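K.L.:
This is upload33.cif (mmCIF, C-alpha atoms and all ligand atoms).
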```cif
data_my_file
loop_
_atom_site.label_atom_id
_atom_site.label_comp_id
_atom_site.auth_asym_id
_atom_site.auth_seq_id
_atom_site.Cartn_x
_atom_site.Cartn_y
_atom_site.Cartn_z
CA MET A 1 126.10 -0.67 375.30
CA SER A 2 129.79 -0.18 374.67
CA SER A 3 131.58 1.13 371.60
CA ILE A 4 134.04 -1.73 371.30
CA ALA A 5 132.68 -2.83 367.94
CA ASP A 6 133.58 0.59 366.52
CA ALA A 7 137.02 0.70 368.09
CA SER A 8 138.91 -0.42 365.00
CA LEU A 9 138.67 2.89 363.14
CA VAL A 10 138.93 5.66 365.68
CA GLY A 11 139.84 9.27 365.11
CA GLY A 12 141.18 8.47 361.65
CA LEU A 13 143.36 5.63 363.00
CA THR A 14 143.00 1.88 362.98
CA LEU A 15 143.34 0.75 366.58
CA SER A 16 143.40 -2.80 367.90
CA ASN A 17 141.38 -1.86 370.98
CA PRO A 18 139.99 1.27 372.70
CA LEU A 19 142.67 1.60 375.42
CA CYS A 20 145.43 4.15 374.93
CA LEU A 21 148.31 5.33 377.06
CA ALA A 22 147.59 8.97 377.93
CA PRO A 23 150.21 11.60 377.17
CA LEU A 24 152.44 11.86 380.24
CA ALA A 25 155.19 14.48 380.15
CA GLY A 26 158.45 13.14 381.52
CA VAL A 27 157.16 9.57 381.28
CA THR A 28 156.05 8.55 377.78
CA SER A 29 159.46 8.38 376.14
CA ALA A 30 160.13 5.57 373.67
CA PRO A 31 161.07 2.74 376.10
CA MET A 32 158.01 3.42 378.25
CA ARG A 33 155.74 3.47 375.19
CA GLU A 34 157.25 0.19 374.03
CA PHE A 35 156.60 -1.32 377.49
CA PHE A 36 152.94 -0.27 377.54
CA SER A 37 152.38 -1.34 373.92
CA ARG A 38 153.52 -4.80 374.95
CA LEU A 39 150.91 -4.80 377.71
CA GLY A 40 148.15 -3.89 375.26
CA ALA A 41 148.02 -0.10 374.75
CA ALA A 42 146.55 0.40 371.26
CA LEU A 43 148.06 3.87 370.92
CA THR A 44 150.60 5.93 372.84
CA HIS A 45 151.70 9.57 372.84
CA THR A 46 155.08 11.21 372.85
CA GLU A 47 156.06 13.44 375.72
CA MET A 48 154.99 17.06 375.41
CA VAL A 49 157.03 18.51 372.54
CA SER A 50 157.48 22.28 372.30
CA CYS A 51 156.82 23.75 368.85
CA ALA A 52 159.04 26.72 369.69
CA GLY A 53 161.82 24.27 370.59
CA LEU A 54 161.35 22.42 367.31
CA VAL A 55 161.57 25.62 365.29
CA ARG A 56 164.77 26.60 367.18
CA ALA A 57 166.14 23.09 366.47
CA ASN A 58 166.67 22.56 370.20
CA ARG A 59 168.44 19.22 370.58
CA LYS A 60 166.61 18.13 373.72
CA THR A 61 163.29 18.76 371.97
CA SER A 62 164.35 16.84 368.84
CA ASN A 63 165.39 13.87 370.99
CA MET A 64 161.77 13.52 372.09
CA LEU A 65 160.77 12.72 368.50
CA GLU A 66 162.31 9.26 368.33
CA VAL A 67 159.89 6.49 367.33
CA LEU A 68 161.11 2.89 367.55
CA ALA A 69 160.60 0.21 364.94
CA GLY A 70 157.88 -2.12 366.16
CA GLU A 71 156.18 0.39 368.46
CA GLY A 72 152.43 0.59 368.01
CA PRO A 73 150.84 3.79 366.68
CA VAL A 74 152.31 6.93 368.29
CA VAL A 75 150.69 10.37 368.34
CA LEU A 76 153.13 13.29 368.34
CA GLN A 77 151.97 15.52 371.20
CA LEU A 78 152.71 19.19 370.47
CA PHE A 79 152.29 22.32 372.52
CA GLY A 80 152.49 25.94 371.51
CA GLY A 81 150.69 29.22 371.92
CA ASP A 82 150.00 30.26 368.35
CA ALA A 83 148.92 28.61 365.14
CA ASP A 84 151.96 29.69 363.10
CA ALA A 85 154.47 28.25 365.53
CA MET A 86 152.35 25.11 365.88
CA ALA A 87 152.25 24.51 362.12
CA ARG A 88 155.96 25.26 361.63
CA GLY A 89 156.92 23.08 364.59
CA ALA A 90 154.85 20.19 363.26
CA GLU A 91 156.48 20.48 359.84
CA VAL A 92 159.95 20.45 361.39
CA ALA A 93 159.05 17.36 363.43
CA LEU A 94 157.65 15.45 360.45
CA GLU A 95 160.69 16.31 358.35
CA HIS A 96 163.05 15.26 361.17
CA ASN A 97 161.17 11.97 361.49
CA ARG A 98 161.40 11.33 357.73
CA ARG A 99 165.11 12.16 357.59
CA ARG A 100 165.90 9.77 360.43
CA GLY A 101 163.90 7.06 358.70
CA ASP A 102 161.90 6.44 361.89
CA PRO A 103 158.43 4.89 361.67
CA ALA A 104 155.95 7.66 360.86
CA PHE A 105 153.79 9.28 363.51
CA ALA A 106 150.22 7.98 363.39
CA GLY A 107 148.75 11.38 364.18
CA LEU A 108 149.37 14.89 365.46
CA GLY A 109 148.21 15.75 368.97
CA ILE A 110 147.61 19.23 370.35
CA ASN A 111 147.90 19.76 374.07
CA MET A 112 145.15 22.14 375.21
CA ALA A 113 145.03 20.59 378.66
CA CYS A 114 148.27 21.30 380.50
CA PRO A 115 147.53 23.58 383.49
CA MET A 116 151.14 24.31 384.46
CA PRO A 117 152.02 28.03 384.55
CA LYS A 118 155.25 27.55 382.59
CA VAL A 119 153.06 26.34 379.70
CA THR A 120 149.92 28.50 380.10
CA ARG A 121 152.06 31.67 380.47
CA ARG A 122 153.00 31.20 376.83
CA GLY A 123 149.35 30.91 375.81
CA ALA A 124 149.75 27.15 375.34
CA GLY A 125 148.15 24.11 377.00
CA ALA A 126 144.93 24.84 378.88
CA ALA A 127 145.29 28.59 378.14
CA LEU A 128 144.09 27.81 374.61
CA MET A 129 140.65 27.06 376.02
CA GLN A 130 140.46 30.81 376.76
CA ASN A 131 141.55 31.62 373.20
CA ALA A 132 139.20 29.57 371.06
CA SER A 133 139.94 31.29 367.73
CA GLU A 134 143.67 30.45 368.03
CA ALA A 135 142.86 26.91 369.19
CA PHE A 136 140.59 26.31 366.19
CA GLU A 137 143.09 27.88 363.78
CA MET A 138 145.93 25.63 364.96
CA THR A 139 143.67 22.62 364.53
CA ARG A 140 142.91 23.71 360.93
CA ARG A 141 146.61 24.30 360.21
CA LEU A 142 147.69 20.90 361.53
CA LYS A 143 144.90 19.17 359.66
CA ARG A 144 146.37 20.46 356.40
CA LEU A 145 149.50 18.38 357.05
CA GLY A 146 147.52 15.27 356.17
CA LEU A 147 147.59 13.30 359.44
CA PRO A 148 144.72 12.69 361.86
CA VAL A 149 144.58 15.44 364.50
CA TRP A 150 143.90 14.49 368.12
CA VAL A 151 143.26 17.28 370.61
CA LYS A 152 143.31 16.92 374.39
CA ILE A 153 141.36 19.41 376.48
CA ARG A 154 139.93 19.78 379.97
CA ARG A 155 136.50 20.55 381.28
CA ALA A 156 136.07 24.31 380.72
CA SER A 157 136.76 26.20 383.91
CA GLU A 158 133.92 28.68 383.63
CA GLY A 159 130.45 28.41 382.24
CA GLY A 160 130.30 24.68 382.95
CA GLU A 161 129.06 22.19 380.43
CA GLU A 162 127.94 24.51 377.69
CA ASP A 163 131.39 26.06 377.22
CA THR A 164 133.03 22.64 377.05
CA ILE A 165 130.55 21.39 374.45
CA LEU A 166 130.89 24.54 372.32
CA PHE A 167 134.67 24.28 372.45
CA VAL A 168 134.58 20.63 371.36
CA GLU A 169 132.19 21.53 368.55
CA GLY A 170 134.57 24.23 367.31
CA LEU A 171 137.51 21.82 367.36
CA ILE A 172 135.60 19.19 365.40
CA GLU A 173 134.44 21.76 362.85
CA ALA A 174 138.07 22.85 362.50
CA GLY A 175 139.01 19.27 361.62
CA ALA A 176 139.89 17.49 364.88
CA ASP A 177 139.49 13.75 364.36
CA ASN A 178 139.32 13.02 368.07
CA VAL A 179 138.92 15.16 371.17
CA CYS A 180 140.00 13.75 374.51
CA ILE A 181 138.34 15.38 377.51
CA HIS A 182 139.97 15.23 380.92
CA GLY A 183 137.02 15.92 383.21
CA ARG A 184 138.90 18.20 385.60
CA THR A 185 139.22 21.94 385.14
CA ALA A 186 142.67 23.47 384.69
CA ALA A 187 142.30 25.03 388.15
CA GLN A 188 141.86 21.56 389.66
CA ARG A 189 145.10 20.42 388.05
CA TYR A 190 145.21 16.74 389.10
CA GLU A 191 143.22 17.02 392.33
CA GLY A 192 139.62 16.20 393.13
CA ARG A 193 137.22 14.06 391.18
CA ALA A 194 137.15 14.06 387.38
CA ASP A 195 133.66 14.90 386.07
CA ARG A 196 132.45 11.94 384.01
CA GLU A 197 129.12 13.51 383.16
CA ILE A 198 130.61 16.20 380.91
CA VAL A 199 132.65 13.55 379.09
CA ALA A 200 129.51 11.42 378.64
CA LYS A 201 127.53 14.42 377.40
CA ALA A 202 130.18 15.25 374.81
CA ALA A 203 130.21 11.59 373.72
CA ARG A 204 126.43 11.79 373.17
CA CYS A 205 126.73 15.07 371.24
CA PHE A 206 129.67 13.95 369.06
CA PRO A 207 129.40 10.19 368.53
CA GLY A 208 132.63 8.47 367.52
CA LYS A 209 134.77 11.50 368.34
CA ILE A 210 135.36 11.57 372.09
CA ALA A 211 138.13 10.01 374.16
CA ALA A 212 137.94 10.00 377.94
CA SER A 213 140.52 10.81 380.59
CA GLY A 214 140.31 11.12 384.36
CA ASP A 215 140.28 8.70 387.29
CA VAL A 216 140.79 5.54 385.26
CA ARG A 217 141.99 3.08 387.89
CA THR A 218 140.00 -0.10 387.35
CA PRO A 219 138.48 -2.11 384.49
CA GLU A 220 135.09 -0.84 385.73
CA ASP A 221 136.20 2.77 385.17
CA VAL A 222 137.15 1.86 381.60
CA ARG A 223 133.82 0.15 381.04
CA GLU A 224 131.89 3.13 382.40
CA TYR A 225 133.46 5.56 379.93
CA LEU A 226 132.94 3.17 377.00
CA ASP A 227 129.34 2.54 378.00
CA ALA A 228 128.85 6.31 378.00
CA GLY A 229 129.81 6.32 374.30
CA CYS A 230 133.50 7.26 374.40
CA VAL A 231 135.50 5.53 371.67
CA VAL A 232 138.82 5.63 373.50
CA VAL A 233 139.83 5.59 377.16
CA MET A 234 143.20 7.03 378.15
CA LEU A 235 145.01 5.32 381.02
CA ALA A 236 147.27 7.63 383.00
CA ARG A 237 148.10 7.43 386.73
CA GLY A 238 146.11 4.21 387.00
CA ALA A 239 148.54 2.57 384.56
CA LEU A 240 151.60 3.94 386.36
CA ALA A 241 150.29 2.47 389.63
CA ASN A 242 149.39 -0.82 387.92
CA PRO A 243 150.67 -1.32 384.35
CA TRP A 244 148.66 -4.56 384.19
CA LEU A 245 145.51 -2.44 384.19
CA PHE A 246 145.81 -2.69 380.39
CA PRO A 247 145.52 -6.50 380.12
CA GLU A 248 143.04 -6.68 383.02
CA SER A 249 140.74 -4.16 381.34
CA LEU A 250 141.12 -5.75 377.92
CA ARG A 251 140.12 -9.14 379.31
CA ALA A 252 137.13 -7.58 381.08
CA LEU A 253 136.07 -6.10 377.73
CA GLY A 254 136.28 -9.49 376.03
CA PHE A 255 139.60 -9.13 374.17
CA ALA A 256 141.92 -12.13 373.98
CA VAL A 257 144.75 -11.70 376.51
CA SER A 258 147.44 -14.25 377.39
CA GLU A 259 147.12 -15.81 380.86
CA GLU A 260 150.65 -14.76 381.75
CA LEU A 261 149.73 -11.11 381.34
CA LEU A 262 146.59 -11.47 383.39
CA ASP A 263 148.01 -12.66 386.64
CA PRO A 264 151.70 -11.86 386.41
CA SER A 265 153.87 -13.60 388.97
CA PRO A 266 156.16 -11.37 391.06
CA GLU A 267 159.09 -12.87 389.10
CA LEU A 268 157.54 -11.81 385.83
CA ARG A 269 156.81 -8.31 387.13
CA GLY A 270 160.38 -7.95 388.36
CA ALA A 271 161.73 -9.29 385.07
CA GLU A 272 159.63 -6.77 383.11
CA LEU A 273 160.98 -3.96 385.25
CA CYS A 274 164.58 -5.09 384.63
CA ARG A 275 163.88 -5.41 380.91
CA LEU A 276 162.45 -1.88 380.82
CA GLY A 277 165.47 -0.58 382.75
CA GLU A 278 167.94 -2.14 380.31
CA ARG A 279 166.02 -0.84 377.31
CA ALA A 280 165.75 2.66 378.79
CA ARG A 281 169.51 2.68 379.48
CA GLU A 282 170.19 1.70 375.88
CA LEU A 283 167.86 4.36 374.46
CA CYS A 284 167.98 7.25 376.93
CA GLY A 285 170.95 6.67 379.21
CA ALA A 286 171.23 5.32 382.75
CA ARG A 287 170.02 8.46 384.55
CA GLN A 288 166.77 8.61 382.62
CA ALA A 289 166.33 4.85 383.09
CA VAL A 290 166.37 5.38 386.87
CA VAL A 291 163.74 8.13 386.60
CA LEU A 292 161.43 5.93 384.50
CA LEU A 293 161.80 2.86 386.71
CA LYS A 294 161.05 4.87 389.83
CA ARG A 295 157.77 5.97 388.22
CA LEU A 296 156.61 2.38 387.92
CA MET A 297 158.22 0.45 390.69
CA GLY A 298 155.58 1.04 393.40
CA GLY A 299 152.94 -0.87 391.48
CA ILE A 300 155.32 -3.52 390.24
CA LEU A 301 156.91 -4.34 393.60
CA LYS A 302 153.52 -4.52 395.29
CA GLY A 303 152.80 -8.07 396.40
CA MET A 304 156.44 -9.19 396.38
CA ASN A 305 157.89 -10.63 399.59
CA GLY A 306 159.19 -7.71 401.66
CA ALA A 307 157.72 -5.13 399.27
CA ALA A 308 157.98 -2.25 401.75
CA GLU A 309 161.71 -2.84 402.32
CA LEU A 310 162.29 -3.29 398.58
CA ARG A 311 160.52 -0.01 397.89
CA ARG A 312 162.57 1.75 400.54
CA ARG A 313 165.84 0.43 399.12
CA ALA A 314 164.80 1.18 395.56
CA GLY A 315 163.79 4.70 396.59
CA CYS A 316 167.30 5.31 397.96
CA ALA A 317 169.06 3.85 394.91
CA THR A 318 170.86 6.51 392.92
CA ASP A 319 172.17 4.53 389.98
CA LEU A 320 170.66 2.00 387.65
CA GLU A 321 172.75 -0.99 388.71
CA GLU A 322 171.81 -0.44 392.34
CA LEU A 323 168.14 -0.23 391.38
CA LEU A 324 168.20 -3.33 389.17
CA GLU A 325 169.93 -5.19 392.00
CA VAL A 326 166.97 -4.41 394.30
CA PHE A 327 164.54 -5.80 391.71
CA ARG A 328 166.67 -8.94 391.26
CA LEU A 329 166.69 -9.38 395.04
CA GLY A 330 162.92 -9.11 395.06
CA MET A 331 162.64 -11.74 392.34
CA ALA A 332 165.07 -14.04 394.15
CA SER A 333 163.08 -13.80 397.38
CA GLU A 334 160.08 -15.15 395.48
CA SER A 335 161.78 -18.25 394.17
C1 LIG B 401 153.06 12.82 385.35
C2 LIG B 401 151.94 13.30 384.46
C3 LIG B 401 152.24 13.88 383.24
C4 LIG B 401 151.20 14.32 382.40
N1 LIG B 401 151.52 14.86 381.19
C5 LIG B 401 150.54 15.22 380.33
C6 LIG B 401 150.85 15.69 379.03
O1 LIG B 401 152.01 15.78 378.63
N2 LIG B 401 149.81 16.04 378.22
C7 LIG B 401 148.50 15.94 378.61
O2 LIG B 401 147.59 16.26 377.84
N3 LIG B 401 148.18 15.48 379.85
C8 LIG B 401 149.16 15.10 380.69
N4 LIG B 401 148.84 14.58 381.91
C9 LIG B 401 147.44 14.33 382.24
C10 LIG B 401 147.04 12.87 381.93
O3 LIG B 401 147.18 12.60 380.55
C11 LIG B 401 145.60 12.58 382.36
O4 LIG B 401 144.72 13.37 381.59
C12 LIG B 401 145.38 12.90 383.83
O5 LIG B 401 146.39 12.32 384.64
C13 LIG B 401 144.00 12.42 384.30
O6 LIG B 401 143.90 11.03 384.29
P1 LIG B 401 144.01 10.14 385.66
O7 LIG B 401 143.14 10.83 386.69
O8 LIG B 401 143.46 8.79 385.23
O9 LIG B 401 145.45 10.14 386.04
C14 LIG B 401 149.85 14.18 382.79
C15 LIG B 401 149.56 13.60 384.03
C16 LIG B 401 150.57 13.16 384.86
C17 LIG B 401 150.21 12.53 386.18
#
```
Can the structure in the file be given as structure tokens, please?
Ligand SMILES: Cc1cc2nc3c(=O)[nH]c(=O)nc-3n(C[C@H](O)[C@H](O)[C@H](O)COP(=O)(O)O)c2cc1C
P.N.:
Amino acid sequence: MSSIADASLVGGLTLSNPLCLAPLAGVTSAPMREFFSRLGAALTHTEMVSCAGLVRANRKTSNMLEVLAGEGPVVLQLFGGDADAMARGAEVALEHNRRRGDPAFAGLGINMACPMPKVTRRGAGAALMQNASEAFEMTRRLKRLGLPVWVKIRRASEGGEEDTILFVEGLIEAGADNVCIHGRTAAQRYEGRADREIVAKAARCFPGKIAASGDVRTPEDVREYLDAGCVVVMLARGALANPWLFPESLRALGFAVSEELLDPSPELRGAELCRLGERARELCGARQAVVLLKRLMGGILKGMNGAAELRRRAGCATDLEELLEVFRLGMASES
């Protein structure tokens, strides 16, 4: 049995469906979130925003806070090593968002999953799973700010299942509205198989509270996590490889999806890529637009006439115009 019927109120948020775009540092900036919302993501996350950077009023950090009018719900994903900095950073971000008059964040996210040394060295990301009292305190402090709190963790590296379940329990007692479990340990980083059993066990122990992440590449993967009792499934690398995994999965779950989204023609895929590129240039500048397009183009060019050559040429492109020209060429070769 799946949890679709309960998907409307999830983790303190009203969501149109149970599929969310996972937090992806360096990827989930505003134009990318807008793109995936259009394809059906019920919720997206900001990039990883440093609380220390927010407190120092670092401009690059503040730029990550932009939320566009018309985007779906966006969770502000924060990272930091101590509860004080986390709470102060969150306050700065919310104030910045209010002053700009941007749409409000739907929730506050805490990253307790990032395994990268530059993050864990500061006691942040996955290092918080070794420092439960601080992790629970930062959850309590963010909860006081009045927004739903979503925490993302990994499978605990030592002690197996029991440690993961106890950690989730502590987070929920501290006020977390939703806990997303990526079923790999921090030591695994992004390699090897994600453990679905620990995610399923947590979903049984904490009904209505668990989101799933790890190896979501097909509609069947989505269905498996939902059938295990998860209320949300986060699409990550699977969606970068095939953005249409959102509509395909939604249709498989019985949601209404337009035919055009289900079997997009190569022309439509190319046109979407160009549209994303133009929007990213407008919002983030041409250099960042190139970076974002290169993240997605493999999956989007797949199936076009001469895809291998298009990919090669796109890979060599150094500026946005050159890259868009390759996509236009691909679209022209289809017509
Ligand atoms: C490029 C990239 C950036 C990521 N950035 C974040 C991040 O900022 N915060 C986070 O919690 N997880 C991050 N992750 C992890 C993903 O959200 C997800 O949990 C992970 O990729 C497992 O899902 P998958 O096997 O379906 O890709 C990132 C993963 C990738 C590939």
K.L.:
To check your reading of the model: which residues sit at most 6 Å from ligand LIG 401 (chain B) when counting only C-alpha atoms and all ligand atoms? Write the answer as a VMD selection string.
P.N.:
chain A and resid 22 to 25 47 to 48 111 113 to 114 152 182 213 to 216 235 to 238
K.L.:
At what distance in Å, to one decimal, does atom CA of Arg38 of chain A lie from atom CA of Cys316 of chain A?
P.N.:
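That distance, rounded to one decimal, is 28.7 Å.
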K.L.:
Report the distance between atom CA of Ala69 of chain A and atom CA of Arg33 of chain A in Å, rounded to one decimal place.
P.N.:
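According to the coordinates, atom CA of Ala69 of chain A and atom CA of Arg33 of chain A are separated by 11.8 Å.
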K.L.:
At a cut-off of 7 Å from (137.5, 10.0, 373.0) in the coordinates of the file, what residues are picked up using all atoms listed in the file, written as a PDB file with C-alpha atoms, keeping the file's coordinate frame?
P.N.:
```
ATOM      1  CA  ASN A 178     139.320  13.020 368.070  1.00  0.00           C
ATOM      2  CA  VAL A 179     138.920  15.160 371.170  1.00  0.00           C
ATOM      3  CA  CYS A 180     140.000  13.750 374.510  1.00  0.00           C
ATOM      4  CA  LYS A 209     134.770  11.500 368.340  1.00  0.00           C
ATOM      5  CA  ILE A 210     135.360  11.570 372.090  1.00  0.00           C
ATOM      6  CA  ALA A 211     138.130  10.010 374.160  1.00  0.00           C
ATOM      7  CA  ALA A 212     137.940  10.000 377.940  1.00  0.00           C
ATOM      8  CA  CYS A 230     133.500   7.260 374.400  1.00  0.00           C
ATOM      9  CA  VAL A 231     135.500   5.530 371.670  1.00  0.00           C
ATOM     10  CA  VAL A 232     138.820   5.630 373.500  1.00  0.00           C
ATOM     11  CA  VAL A 233     139.830   5.590 377.160  1.00  0.00           C
TER      12      VAL A 233
END
```
K.L.:
Could you check the closest approach to Val119 of chain A for each of A:Gly192, A:Gly81, A:Gly26, A:Pro266 and tell me which residue wins, using all atoms listed in the file?
P.N.:
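For Val119 of chain A, the nearest of the given residues is A:Gly81.
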K.L.:
What is the distance between atom CA of Ala83 of chain A and atom CA of Thr120 of chain A, in Å to one decimal?
P.N.:
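A separation of 15.0 Å between them.
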K.L.:
Point out the residue among A:Glu220, A:Asp177, A:Ile172, A:Asn131 with the least atom-to-atom distance to Cys205 of chain A, counting only C-alpha atoms.
P.N.:
A:Ile172
K.L.:
Could you check the closest approach to Gln77 of chain A for each of A:Cys20, A:Ile198, A:Val151, A:Met129 and tell me which residue wins, using only C-alpha atoms?
P.N.:
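So, comparing all the options, the nearest one is A:Val151.
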K.L.:
Nearest to Pro115 of chain A: which of A:Val199, A:Leu296, A:Val168, A:Ala156 is it, counting all atoms listed in the file?
P.N.:
A:Ala156
K.L.:
How would you write as JSON, numbers by chain the residues that get within 8 Å of (141.1, 24.3, 370.2) in the file's frame, counting only C-alpha atoms?
P.N.:
{"A": [112, 128, 129, 131, 132, 133, 134, 135, 136, 137, 138, 139, 151, 153, 167, 168, 170, 171]}
K.L.:
Export C-alpha atoms of the chosen residues as a compact mmCIF listing (two decimals), in the frame of the given file?
P.N.:
```
# COMPACT_ATOMS: atom_id res chain seq x y z
CA MET A 112 145.15 22.14 375.21
CA LEU A 128 144.09 27.81 374.61
CA MET A 129 140.65 27.06 376.02
CA ASN A 131 141.55 31.62 373.20
CA ALA A 132 139.20 29.57 371.06
CA SER A 133 139.94 31.29 367.73
CA GLU A 134 143.67 30.45 368.03
CA ALA A 135 142.86 26.91 369.19
CA PHE A 136 140.59 26.31 366.19
CA GLU A 137 143.09 27.88 363.78
CA MET A 138 145.93 25.63 364.96
CA THR A 139 143.67 22.62 364.53
CA VAL A 151 143.26 17.28 370.61
CA ILE A 153 141.36 19.41 376.48
CA PHE A 167 134.67 24.28 372.45
CA VAL A 168 134.58 20.63 371.36
CA GLY A 170 134.57 24.23 367.31
CA LEU A 171 137.51 21.82 367.36
```
K.L.:
From the options A:Arg312, A:Arg328, A:Ala124, A:Val75, which residue's atoms come nearest to His45 of chain A, counting all atoms listed in the file?
P.N.:
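Going through A:Arg312, A:Arg328, A:Ala124, A:Val75 one by one, the smallest distance to His45 of chain A is for A:Val75.
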K.L.:
Report the closest atom pair, with its distance in Å rounded to one decimal, for each residue of segment 134-169 of chain A that has an atom no farther than 12 Å from segment 103-106 of chain A; count only C-alpha atoms, sort by chain and then rising residue number, and write it as a tab-separated table.
P.N.:
```
residue	atom	partner	partner_atom	distance
A:Leu145	CA	A:Phe105	CA	12.0
A:Gly146	CA	A:Ala106	CA	10.6
A:Leu147	CA	A:Ala106	CA	7.1
A:Pro148	CA	A:Ala106	CA	7.4
A:Val149	CA	A:Ala106	CA	9.4
A:Trp150	CA	A:Ala106	CA	10.2
```
K.L.:
Can you pull out every residue within 7 Å of Asn305 of chain A, counting all atoms listed in the file, but drop anything in the same chain fewer than 4 positions away, and send it as a list in words?
P.N.:
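The residues that qualify are Gly330, Ser333 and Glu334 of chain A.
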K.L.:
Which one of A:Asp82, A:Leu68, A:Leu19, A:Ala252 sits closest to Ser50 of chain A if you count only C-alpha atoms?
P.N.:
A:Asp82
